[in-house]
file structure_16.cif (mmCIF, C-alpha atoms and all ligand atoms)
data_my_file
#
loop_
_atom_site.label_atom_id
_atom_site.label_comp_id
_atom_site.auth_asym_id
_atom_site.auth_seq_id
_atom_site.Cartn_x
_atom_site.Cartn_y
_atom_site.Cartn_z
CA MET K 366 -19.65 -46.10 49.40
CA VAL K 367 -17.56 -47.34 46.50
CA LEU K 368 -14.15 -45.76 46.17
CA SER K 369 -12.77 -46.07 42.64
CA VAL K 370 -9.02 -46.64 42.56
CA PHE K 371 -9.05 -46.26 38.79
CA LYS K 372 -8.88 -42.75 37.46
CA SER K 373 -11.35 -41.71 34.77
CA GLY K 374 -10.19 -40.58 31.33
CA ASP K 375 -10.88 -36.94 32.20
CA GLU K 376 -8.90 -37.11 35.45
CA LEU K 377 -5.94 -38.64 33.62
CA PHE K 378 -6.22 -35.93 31.00
CA ASN K 379 -6.19 -33.08 33.56
CA GLN K 380 -3.20 -34.62 35.30
CA GLY K 381 -1.49 -34.85 31.89
CA ILE K 382 -2.06 -31.12 31.33
CA ASP K 383 -0.30 -30.37 34.64
CA LEU K 384 2.61 -32.65 33.67
CA VAL K 385 2.97 -30.77 30.35
CA LYS K 386 3.16 -27.47 32.26
CA ARG K 387 6.00 -29.00 34.28
CA LYS K 388 7.55 -30.20 31.01
CA GLU K 389 7.38 -33.83 32.19
CA TYR K 390 6.54 -34.94 28.68
CA ALA K 391 7.19 -38.69 28.90
CA LYS K 392 4.88 -39.02 31.95
CA ALA K 393 2.26 -36.75 30.37
CA ARG K 394 2.34 -38.89 27.23
CA ARG K 395 1.38 -42.02 29.25
CA ASN K 396 -1.60 -40.16 30.73
CA PHE K 397 -2.82 -39.02 27.31
CA GLU K 398 -2.40 -42.54 25.88
CA LYS K 399 -4.63 -43.87 28.70
CA THR K 400 -7.15 -41.07 28.09
CA ILE K 401 -7.40 -42.21 24.47
CA GLU K 402 -7.84 -45.89 25.57
CA LYS K 403 -10.64 -44.98 27.98
CA GLY K 404 -12.31 -42.77 25.41
CA GLY K 405 -12.72 -39.80 27.73
CA ARG K 406 -14.35 -36.54 26.63
CA GLU K 407 -10.96 -35.18 25.71
CA ALA K 408 -9.74 -38.17 23.67
CA ALA K 409 -9.31 -36.12 20.44
CA LEU K 410 -7.32 -33.46 22.23
CA ALA K 411 -5.25 -36.16 23.96
CA ARG K 412 -4.31 -37.54 20.50
CA ALA K 413 -3.00 -34.09 19.51
CA TYR K 414 -1.06 -33.83 22.78
CA VAL K 415 0.58 -37.24 22.18
CA ASP K 416 1.69 -36.15 18.70
CA ILE K 417 3.02 -32.81 19.99
CA ILE K 418 4.98 -34.61 22.72
CA ASP K 419 6.37 -37.07 20.15
CA ALA K 420 7.64 -34.08 18.14
CA CYS K 421 9.15 -32.54 21.31
CA LEU K 422 10.93 -35.79 22.21
CA ASP K 423 12.25 -36.44 18.66
CA ARG K 424 12.50 -32.94 17.29
CA ASP K 425 14.85 -33.69 14.37
CA ASN K 426 12.49 -36.23 12.84
CA PRO K 427 10.41 -34.78 9.97
CA GLY K 428 7.99 -37.75 10.20
CA LYS K 429 6.82 -36.58 13.64
CA TYR K 430 5.85 -33.15 12.26
CA ASN K 431 3.97 -34.62 9.31
CA LYS K 432 2.03 -36.90 11.67
CA LEU K 433 1.20 -33.98 13.97
CA ALA K 434 0.05 -31.92 10.97
CA SER K 435 -2.40 -34.68 9.94
CA THR K 436 -3.80 -34.85 13.49
CA LEU K 437 -4.19 -31.05 13.64
CA ASP K 438 -6.05 -31.12 10.31
CA GLN K 439 -8.91 -32.91 12.15
CA MET K 440 -9.19 -30.23 14.84
CA LYS K 441 -11.44 -27.22 14.66
CA GLU K 442 -10.81 -25.20 17.81
CA ASP K 443 -7.77 -23.46 19.26
CA PHE K 444 -6.22 -25.08 22.35
CA GLU K 445 -3.24 -24.63 24.63
CA PHE K 446 -0.10 -26.71 24.98
CA GLY K 447 1.74 -25.59 28.11
CA LEU K 448 1.72 -21.82 27.74
CA THR K 449 1.42 -21.77 23.95
CA GLU K 450 -1.89 -21.09 22.23
CA ILE K 451 -2.30 -23.40 19.24
CA ASN K 452 -4.32 -22.57 16.17
CA PRO K 453 -4.55 -26.00 14.49
CA PRO K 454 -4.49 -25.05 10.76
CA ARG K 455 -1.67 -22.59 11.32
CA VAL K 456 0.53 -24.94 13.37
CA ALA K 457 -0.22 -27.76 10.87
CA LEU K 458 1.20 -25.52 8.10
CA GLU K 459 4.28 -24.72 10.20
CA CYS K 460 4.82 -28.46 10.84
CA ARG K 461 4.68 -29.26 7.12
CA LEU K 462 7.15 -26.48 6.26
CA LEU K 463 9.50 -27.58 9.03
CA ALA K 464 9.36 -31.20 7.81
CA GLU K 465 10.03 -30.00 4.24
CA ARG K 466 13.04 -27.99 5.39
CA MET K 467 14.41 -30.99 7.29
CA GLU K 468 13.90 -33.28 4.31
CA ALA K 469 15.72 -30.75 2.08
CA GLY K 470 18.60 -30.80 4.58
CA ARG K 471 18.82 -34.59 4.30
CA MET K 472 19.06 -34.63 0.49
CA PRO K 473 22.45 -35.81 -0.79
CA GLY K 474 24.60 -33.04 -2.29
CA GLY K 475 27.78 -34.88 -3.32
CA THR K 476 27.51 -34.47 -7.10
CA PRO K 477 26.87 -31.17 -8.95
CA ALA K 478 23.40 -32.37 -10.04
CA GLN K 479 22.49 -33.39 -6.47
CA ALA K 480 23.73 -30.07 -5.05
CA GLU K 481 21.68 -28.17 -7.63
CA ALA K 482 18.50 -30.16 -6.80
CA LYS K 483 19.09 -29.61 -3.08
CA GLY K 484 19.67 -25.88 -3.61
CA ASN K 485 16.44 -25.51 -5.59
CA ARG K 486 14.50 -27.42 -2.93
CA PHE K 487 15.74 -25.01 -0.24
CA LEU K 488 14.78 -21.99 -2.39
CA ASP K 489 11.32 -23.53 -2.78
CA VAL K 490 10.99 -23.91 1.02
CA ALA K 491 12.17 -20.29 1.42
CA ARG K 492 9.46 -19.01 -0.94
CA LYS K 493 6.81 -20.87 1.10
CA TYR K 494 8.03 -19.46 4.43
CA GLN K 495 7.99 -15.97 2.96
CA ALA K 496 4.56 -16.24 1.34
CA MET K 497 2.71 -18.37 3.93
CA ILE K 498 4.18 -17.21 7.28
CA GLY K 499 5.75 -13.83 6.46
CA ASN K 500 6.36 -11.64 9.50
CA GLU K 501 4.54 -13.95 11.93
CA THR K 502 6.47 -15.90 14.57
CA ILE K 503 6.69 -19.67 14.11
CA LYS K 504 4.86 -21.35 17.01
CA ILE K 505 6.02 -24.92 16.48
CA SER K 506 9.64 -23.86 17.14
CA GLU K 507 8.61 -22.45 20.52
CA ILE K 508 6.68 -25.64 21.33
CA VAL K 509 9.46 -28.14 20.53
CA GLY K 510 12.28 -25.87 21.76
CA ILE K 511 14.22 -24.94 18.61
CA PRO K 512 15.25 -21.32 17.79
CA VAL K 513 12.12 -19.22 17.27
CA ASN K 514 12.06 -17.09 14.11
CA THR K 515 9.62 -15.24 11.91
CA GLY K 516 8.73 -16.75 8.54
CA ILE K 517 10.87 -14.07 6.84
CA LYS K 518 13.95 -14.95 8.85
CA GLU K 519 13.41 -18.68 8.26
CA ALA K 520 13.11 -17.84 4.54
CA LEU K 521 16.44 -15.96 4.63
CA TYR K 522 18.17 -18.96 6.26
CA ALA K 523 16.69 -21.36 3.70
CA GLN K 524 17.71 -19.02 0.85
CA THR K 525 21.29 -18.85 2.16
CA VAL K 526 21.57 -22.66 2.20
CA GLY K 527 19.80 -22.83 -1.17
CA TYR K 528 22.28 -20.50 -2.91
CA GLU K 529 25.24 -22.18 -1.18
CA ASN K 530 24.15 -25.52 -2.63
CA LEU K 531 23.54 -24.04 -6.09
CA ALA K 532 27.09 -22.61 -5.92
CA LEU K 533 28.46 -26.05 -4.99
CA GLY K 534 26.63 -27.48 -7.98
CA ALA K 535 28.06 -24.83 -10.33
CA VAL K 536 31.66 -24.53 -9.19
CA ALA K 537 33.04 -27.54 -11.09
CA ALA K 538 31.89 -26.18 -14.46
CA ASP K 539 31.75 -22.40 -13.86
CA PRO K 540 33.49 -20.88 -10.80
CA LYS K 541 32.51 -17.30 -11.76
CA ARG K 542 28.83 -18.29 -11.75
CA ALA K 543 29.36 -20.06 -8.40
CA ALA K 544 30.81 -16.82 -6.98
CA GLU K 545 27.73 -14.91 -8.20
CA LEU K 546 25.40 -17.42 -6.53
CA LEU K 547 27.38 -17.04 -3.31
CA GLN K 548 26.89 -13.25 -3.52
CA ASN K 549 23.16 -13.99 -3.14
CA ALA K 550 23.84 -16.33 -0.20
CA TYR K 551 25.97 -13.60 1.39
CA ALA K 552 23.23 -10.96 0.98
CA CYS K 553 20.59 -13.27 2.56
CA ARG K 554 22.77 -14.18 5.53
CA LYS K 555 23.66 -10.52 6.14
CA GLN K 556 19.99 -9.58 5.94
CA ALA K 557 19.21 -12.26 8.54
CA GLY K 558 21.72 -10.45 10.78
CA GLU K 559 24.25 -13.31 10.85
CA ASP K 560 28.00 -13.42 10.39
CA ALA K 561 28.72 -14.02 6.70
CA GLN K 562 32.51 -13.78 6.58
CA TYR K 563 32.89 -17.47 5.70
CA ILE K 564 30.84 -16.87 2.54
CA LEU K 565 32.99 -13.87 1.57
CA ASN K 566 36.12 -16.03 1.97
CA THR K 567 34.69 -18.62 -0.42
CA ILE K 568 33.63 -15.90 -2.89
CA ASN K 569 37.20 -14.57 -2.87
CA ALA K 570 38.60 -18.07 -3.43
CA TYR K 571 36.16 -18.85 -6.26
CA SER K 572 36.84 -15.48 -7.97
CA LYS K 573 40.61 -15.70 -7.79
CA SER K 574 42.46 -16.17 -11.09
CA VAL K 575 46.09 -17.32 -11.43
CA LYS K 576 48.47 -18.92 -13.91
CA CYS K 577 49.78 -22.43 -13.33
CA TRP K 578 53.50 -22.53 -12.50
CA ILE K 579 53.93 -25.77 -14.38
CA CYS K 580 51.95 -25.44 -17.61
CA GLY K 581 51.35 -21.65 -17.62
CA ARG K 582 47.59 -22.03 -18.22
CA PRO K 583 45.20 -19.53 -16.57
CA SER K 584 42.81 -20.93 -13.98
CA THR K 585 40.02 -19.55 -11.73
CA GLY K 586 38.73 -20.95 -8.41
CA GLU K 587 41.21 -21.58 -5.62
CA GLY K 588 40.89 -24.96 -3.93
CA VAL K 589 38.76 -26.27 -6.81
CA HIS K 590 40.52 -25.58 -10.13
CA PHE K 591 43.95 -24.67 -8.81
CA LEU K 592 45.81 -25.38 -5.57
CA ALA K 593 48.84 -24.13 -3.67
CA MET K 594 51.77 -26.63 -3.66
CA PRO K 595 54.61 -26.13 -1.16
CA SER K 596 57.72 -24.96 -2.98
CA ASP K 597 60.90 -22.96 -2.63
CA ILE K 598 61.01 -19.63 -4.49
CA SER K 599 64.54 -18.23 -4.32
CA PRO K 600 65.21 -14.49 -3.74
CA PHE K 601 66.50 -14.31 -7.32
CA MET K 602 63.15 -15.58 -8.63
CA LYS K 603 61.24 -13.12 -6.46
CA LYS K 604 62.98 -10.21 -8.22
CA SER K 605 61.76 -11.28 -11.65
CA ASP K 606 58.77 -9.38 -13.09
CA ASP K 607 57.38 -12.46 -14.81
CA ASP K 608 53.59 -12.45 -14.31
CA ILE K 609 53.62 -16.10 -13.21
CA LEU K 610 55.49 -14.92 -10.13
CA LYS K 611 52.31 -13.14 -9.09
CA SER K 612 50.72 -16.61 -8.99
CA THR K 613 51.96 -17.29 -5.48
CA PRO K 614 50.47 -16.81 -2.05
CA ALA K 615 51.85 -13.70 -0.28
CA ASP K 616 54.35 -15.73 1.78
CA TYR K 617 56.13 -17.20 -1.31
CA ASN K 618 56.12 -20.62 0.40
CA SER K 619 54.16 -22.30 -2.35
CA VAL K 620 53.24 -22.00 -5.99
CA TYR K 621 49.81 -22.18 -7.61
CA VAL K 622 49.32 -25.20 -9.80
CA CYS K 623 46.26 -26.06 -11.91
CA ARG K 624 44.31 -29.15 -10.88
CA PRO K 625 45.32 -31.27 -13.94
CA CYS K 626 49.05 -30.63 -13.27
CA TYR K 627 48.54 -31.10 -9.52
CA SER K 628 46.70 -34.41 -9.87
CA ALA K 629 49.17 -35.73 -12.48
CA ILE K 630 52.07 -35.08 -10.08
CA SER K 631 50.21 -36.50 -7.06
CA ARG K 632 49.17 -39.69 -8.85
CA ARG K 633 52.62 -40.31 -10.34
CA SER K 634 54.31 -39.78 -6.97
CA ASP K 635 51.75 -42.09 -5.32
CA ASP K 636 52.65 -44.78 -7.88
CA ILE K 637 56.38 -44.35 -7.20
CA ALA K 638 55.84 -44.44 -3.44
CA ARG K 639 53.76 -47.62 -3.81
CA GLN K 640 56.56 -49.32 -5.81
CA TYR K 641 59.12 -48.45 -3.13
CA HIS K 642 56.78 -49.67 -0.42
CA GLU K 643 56.23 -53.01 -2.17
CA ARG K 644 59.96 -53.51 -2.76
CA ALA K 645 60.71 -52.73 0.91
CA MET K 646 58.00 -55.18 2.05
CA GLN K 647 59.41 -57.94 -0.19
CA GLU K 648 62.87 -57.44 1.27
CA MET K 649 61.50 -57.55 4.81
CA ARG K 650 59.65 -60.79 4.13
CA ALA K 651 62.81 -62.35 2.62
CA MET K 652 64.82 -61.31 5.68
CA GLU K 653 62.15 -62.71 8.00
CA ALA K 654 62.27 -66.06 6.13
CA ARG K 655 66.09 -66.19 6.44
CA LEU K 656 65.90 -65.50 10.19
CA GLN K 657 63.22 -68.18 10.65
CA ALA K 658 65.42 -70.70 8.82
CA GLN K 659 68.40 -69.85 11.05
CA ILE K 660 66.31 -70.19 14.22
CA SER K 661 64.98 -73.59 13.11
CA SER K 662 68.45 -74.90 12.25
CA MET K 663 69.76 -73.76 15.66
CA ALA K 664 66.88 -75.54 17.39
CA MET K 665 67.65 -78.75 15.43
CA MET K 666 71.30 -78.61 16.53
CA ARG K 667 70.35 -78.39 20.22
CA ARG K 668 68.25 -81.57 20.17
ZN ZN K 701 49.03 -26.62 -15.07
#
call {"tool": "encode", "arguments": {"input": "structure_16.cif", "output": "structure tokens", "more": "lines below"}}
Ligand SMILES: [Zn+2]
result
Amino acid sequence: MVLSVFKSGDELFNQGIDLVKRKEYAKARRNFEKTIEKGGREAALARAYVDIIDACLDRDNPGKYNKLASTLDQMKEDFEFGLTEINPPRVALECRLLAERMEAGRMPGGTPAQAEAKGNRFLDVARKYQAMIGNETIKISEIVGIPVNTGIKEALYAQTVGYENLALGAVAADPKRAAELLQNAYACRKQAGEDAQYILNTINAYSKSVKCWICGRPSTGEGVHFLAMPSDISPFMKKSDDDILKSTPADYNSVYVCRPCYSAISRRSDDIARQYHERAMQEMRAMEARLQAQISSMAMMRR
């Protein structure tokens, strides 16, 4: 009787299935890799398992989902991964949408044009989730262990981020328009059943209009086009009914100043501070040189 110490591809595969059920993914992956090498009956399925495990072990990497989608494209029949039933074309679609959403999240948004492009990309992803998944639950989230949502809810999240980015893109040129875009973001986030207070706070800041204490010009958009500068408003000033006086935060500890006035003052005071710093450094270096000279002359005398 010949006892084989080497396991067949099918045996390795079945053992891999058990390891997946126990969520021992790294071990299971080795079994499926060997199944593929030995060309067992289940080699095609093992390939899909390897790609699913790779997504589970590196779940923030859009490349893993795109690779899994391509593998699933080759598969005809439904199969199970752990306790989850997988319909290949459907999960492939979910993987592609997830990768698209992740790639949108990685787009730069530092300039207005970049923020606008990023916002539009998120709105595009939202439309796809709504149209292609709708009220169904997203399986791939369950498989890799990220929050499980319906397509509609995922669409609402993507729309919120989309409008937030469009608002960021608009605020430099048109704070009122940015506030309108944030109203949309607010509505989507509320509809998704999430706390949206932070969006309301930004809407209030973007919609706020004041007059600059220094130049008297009107400005809209707190934190962007005007800022609060610490100041001292005397009781006498508080009694005045000048409308600029209304341009102060409720505590009267600062005054609102438009960004051009604010940046002119900041830059000039930076320049002055730099001059003082340089003068002080020069004096310190001169003093250090004098001390060094004294120390050397004392050392010479002792010899
Ligand atoms: Zn001003």
call {"tool": "atom_distance", "arguments": {"input": "structure_16.cif", "atom1": "atom CA of Cys577 of chain K", "atom2": "atom CA of Leu547 of chain K"}}
result
25.1 Å
call {"tool": "closest_residue", "arguments": {"input": "structure_16.cif", "among": "K:Val509, K:Ala480, K:Lys576, K:Gln439", "to": "Leu533 of chain K", "atoms": "all atoms listed in the file"}}
result
K:Ala480
call {"tool": "residues_around", "arguments": {"input": "structure_16.cif", "residues": "Arg486 of chain K", "least_positions_apart": "3", "cutoff": "9 Å", "atoms": "only C-alpha atoms", "output": "ChimeraX atom specification"}}
result
/K:465-466,469,481-483,489-491,527
call {"tool": "atom_distance", "arguments": {"input": "structure_16.cif", "atom1": "atom CA of Thr567 of chain K", "atom2": "atom CA of Val620 of chain K"}}
result
19.7 Å
call {"tool": "atom_distance", "arguments": {"input": "structure_16.cif", "atom1": "atom CA of Leu377 of chain K", "atom2": "atom CA of Asn396 of chain K"}}
result
5.4 Å
call {"tool": "residues_near_ligand", "arguments": {"input": "structure_16.cif", "ligand": "ligand ZN 701 (chain K)", "cutoff": "6 Å", "atoms": "all atoms listed in the file", "output": "list of chain:residue names"}}
result
K:Cys577, K:Ile579, K:Cys580, K:Arg582, K:Val622, K:Cys623, K:Cys626
call {"tool": "write_last_selection", "arguments": {"input": "structure_16.cif", "atoms": "C-alpha atoms", "output": "PDB file, keeping the file's coordinate frame"}}
result
ATOM      1  CA  CYS K 577      49.780 -22.430 -13.330  1.00  0.00           C
ATOM      2  CA  ILE K 579      53.930 -25.770 -14.380  1.00  0.00           C
ATOM      3  CA  CYS K 580      51.950 -25.440 -17.610  1.00  0.00           C
ATOM      4  CA  ARG K 582      47.590 -22.030 -18.220  1.00  0.00           C
ATOM      5  CA  VAL K 622      49.320 -25.200  -9.800  1.00  0.00           C
ATOM      6  CA  CYS K 623      46.260 -26.060 -11.910  1.00  0.00           C
ATOM      7  CA  CYS K 626      49.050 -30.630 -13.270  1.00  0.00           C
TER       8      CYS K 626
END
call {"tool": "residues_around", "arguments": {"input": "structure_16.cif", "residues": "Ala532 of chain K", "least_positions_apart": "5", "cutoff": "7 Å", "atoms": "all atoms listed in the file", "output": "PyMOL selection string"}}
result
chain K and resi 543-544+546-547
call {"tool": "decode", "arguments": {"input": "structure_16.cif", "residues": "segment 505-622 of chain K", "atoms": "C-alpha atoms", "output": "compact mmCIF listing (two decimals), in the first residue's frame"}}
result
# COMPACT_ATOMS: atom_id res chain seq x y z
CA ILE K 505 -18.59 42.94 -1.11
CA SER K 506 -18.74 45.14 2.03
CA GLU K 507 -19.97 42.16 4.05
CA ILE K 508 -17.20 39.96 2.59
CA VAL K 509 -14.27 42.30 3.31
CA GLY K 510 -15.70 43.62 6.58
CA ILE K 511 -16.54 47.27 5.88
CA PRO K 512 -19.91 48.87 6.84
CA VAL K 513 -22.69 47.18 4.87
CA ASN K 514 -25.12 49.52 3.10
CA THR K 515 -27.69 49.47 0.34
CA GLY K 516 -26.81 51.08 -2.99
CA ILE K 517 -29.13 54.00 -2.14
CA LYS K 518 -27.37 54.71 1.14
CA GLU K 519 -23.94 54.44 -0.51
CA ALA K 520 -25.23 56.90 -3.13
CA LEU K 521 -26.31 59.35 -0.40
CA TYR K 522 -22.85 59.19 1.21
CA ALA K 523 -21.13 59.75 -2.15
CA GLN K 524 -23.50 62.65 -2.93
CA THR K 525 -22.73 64.29 0.43
CA VAL K 526 -18.97 64.15 -0.24
CA GLY K 527 -19.58 65.24 -3.84
CA TYR K 528 -21.48 68.41 -2.86
CA GLU K 529 -19.01 69.17 -0.06
CA ASN K 530 -16.18 69.14 -2.59
CA LEU K 531 -18.13 71.25 -5.09
CA ALA K 532 -18.72 73.76 -2.26
CA LEU K 533 -14.98 73.81 -1.49
CA GLY K 534 -14.33 74.49 -5.16
CA ALA K 535 -16.85 77.36 -5.24
CA VAL K 536 -16.22 79.14 -1.96
CA ALA K 537 -13.22 81.21 -3.07
CA ALA K 538 -15.17 82.86 -5.90
CA ASP K 539 -18.79 82.64 -4.69
CA PRO K 540 -19.53 81.86 -1.01
CA LYS K 541 -23.33 82.12 -1.51
CA ARG K 542 -23.17 79.42 -4.20
CA ALA K 543 -20.97 77.32 -1.90
CA ALA K 544 -23.63 77.60 0.83
CA GLU K 545 -26.30 76.43 -1.65
CA LEU K 546 -24.19 73.41 -2.61
CA LEU K 547 -23.76 72.58 1.08
CA GLN K 548 -27.57 72.68 1.48
CA ASN K 549 -27.63 69.71 -0.93
CA ALA K 550 -24.88 67.95 1.05
CA TYR K 551 -26.88 68.57 4.24
CA ALA K 552 -30.09 67.12 2.74
CA CYS K 553 -28.25 63.96 1.54
CA ARG K 554 -26.56 63.36 4.88
CA LYS K 555 -29.84 63.84 6.76
CA GLN K 556 -31.58 61.46 4.38
CA ALA K 557 -28.85 58.87 5.08
CA GLY K 558 -29.81 59.23 8.76
CA GLU K 559 -26.47 60.75 9.83
CA ASP K 560 -25.60 63.73 11.99
CA ALA K 561 -25.27 66.77 9.72
CA GLN K 562 -24.69 69.56 12.24
CA TYR K 563 -21.13 70.16 11.02
CA ILE K 564 -22.52 70.96 7.55
CA LEU K 565 -25.06 73.41 9.01
CA ASN K 566 -22.23 75.17 10.87
CA THR K 567 -20.31 75.63 7.63
CA ILE K 568 -23.45 76.82 5.81
CA ASN K 569 -23.96 79.44 8.52
CA ALA K 570 -20.32 80.55 8.26
CA TYR K 571 -20.42 80.74 4.44
CA SER K 572 -23.72 82.69 4.48
CA LYS K 573 -22.67 85.21 7.08
CA SER K 574 -22.17 88.80 5.88
CA VAL K 575 -20.30 91.52 7.80
CA LYS K 576 -18.51 94.82 7.28
CA CYS K 577 -14.75 95.06 7.74
CA TRP K 578 -13.75 97.12 10.80
CA ILE K 579 -10.72 98.48 9.00
CA CYS K 580 -11.84 99.37 5.48
CA GLY K 581 -15.65 99.25 5.95
CA ARG K 582 -16.17 96.97 2.92
CA PRO K 583 -18.93 94.32 3.07
CA SER K 584 -17.80 90.69 2.97
CA THR K 585 -19.50 87.25 3.01
CA GLY K 586 -18.05 83.90 4.16
CA GLU K 587 -16.59 83.65 7.64
CA GLY K 588 -13.20 81.98 7.83
CA VAL K 589 -12.71 82.38 4.08
CA HIS K 590 -13.37 86.00 3.07
CA PHE K 591 -13.35 87.59 6.51
CA LEU K 592 -11.90 86.58 9.87
CA ALA K 593 -12.22 87.50 13.54
CA MET K 594 -9.16 89.37 14.92
CA PRO K 595 -8.75 89.68 18.70
CA SER K 596 -9.40 93.26 19.77
CA ASP K 597 -10.61 95.43 22.61
CA ILE K 598 -14.01 97.08 22.15
CA SER K 599 -14.58 99.57 24.96
CA PRO K 600 -18.00 99.94 26.69
CA PHE K 601 -18.29 103.38 25.07
CA MET K 602 -17.94 101.81 21.60
CA LYS K 603 -20.50 99.13 22.43
CA LYS K 604 -23.13 101.83 23.03
CA SER K 605 -22.75 103.28 19.55
CA ASP K 606 -25.40 102.32 16.97
CA ASP K 607 -22.91 102.29 14.11
CA ASP K 608 -23.70 99.25 11.92
CA ILE K 609 -20.03 98.21 11.87
CA LEU K 610 -20.42 97.48 15.57
CA LYS K 611 -22.73 94.63 14.59
CA SER K 612 -19.70 93.16 12.79
CA THR K 613 -18.38 91.53 15.94
CA PRO K 614 -18.79 88.11 17.47
CA ALA K 615 -21.30 88.10 20.36
CA ASP K 616 -18.55 88.27 23.02
CA TYR K 617 -17.08 91.58 21.69
CA ASN K 618 -13.58 90.10 22.10
CA SER K 619 -12.69 90.50 18.45
CA VAL K 620 -13.59 92.42 15.33
CA TYR K 621 -14.35 91.11 11.86
CA VAL K 622 -11.77 92.05 9.28
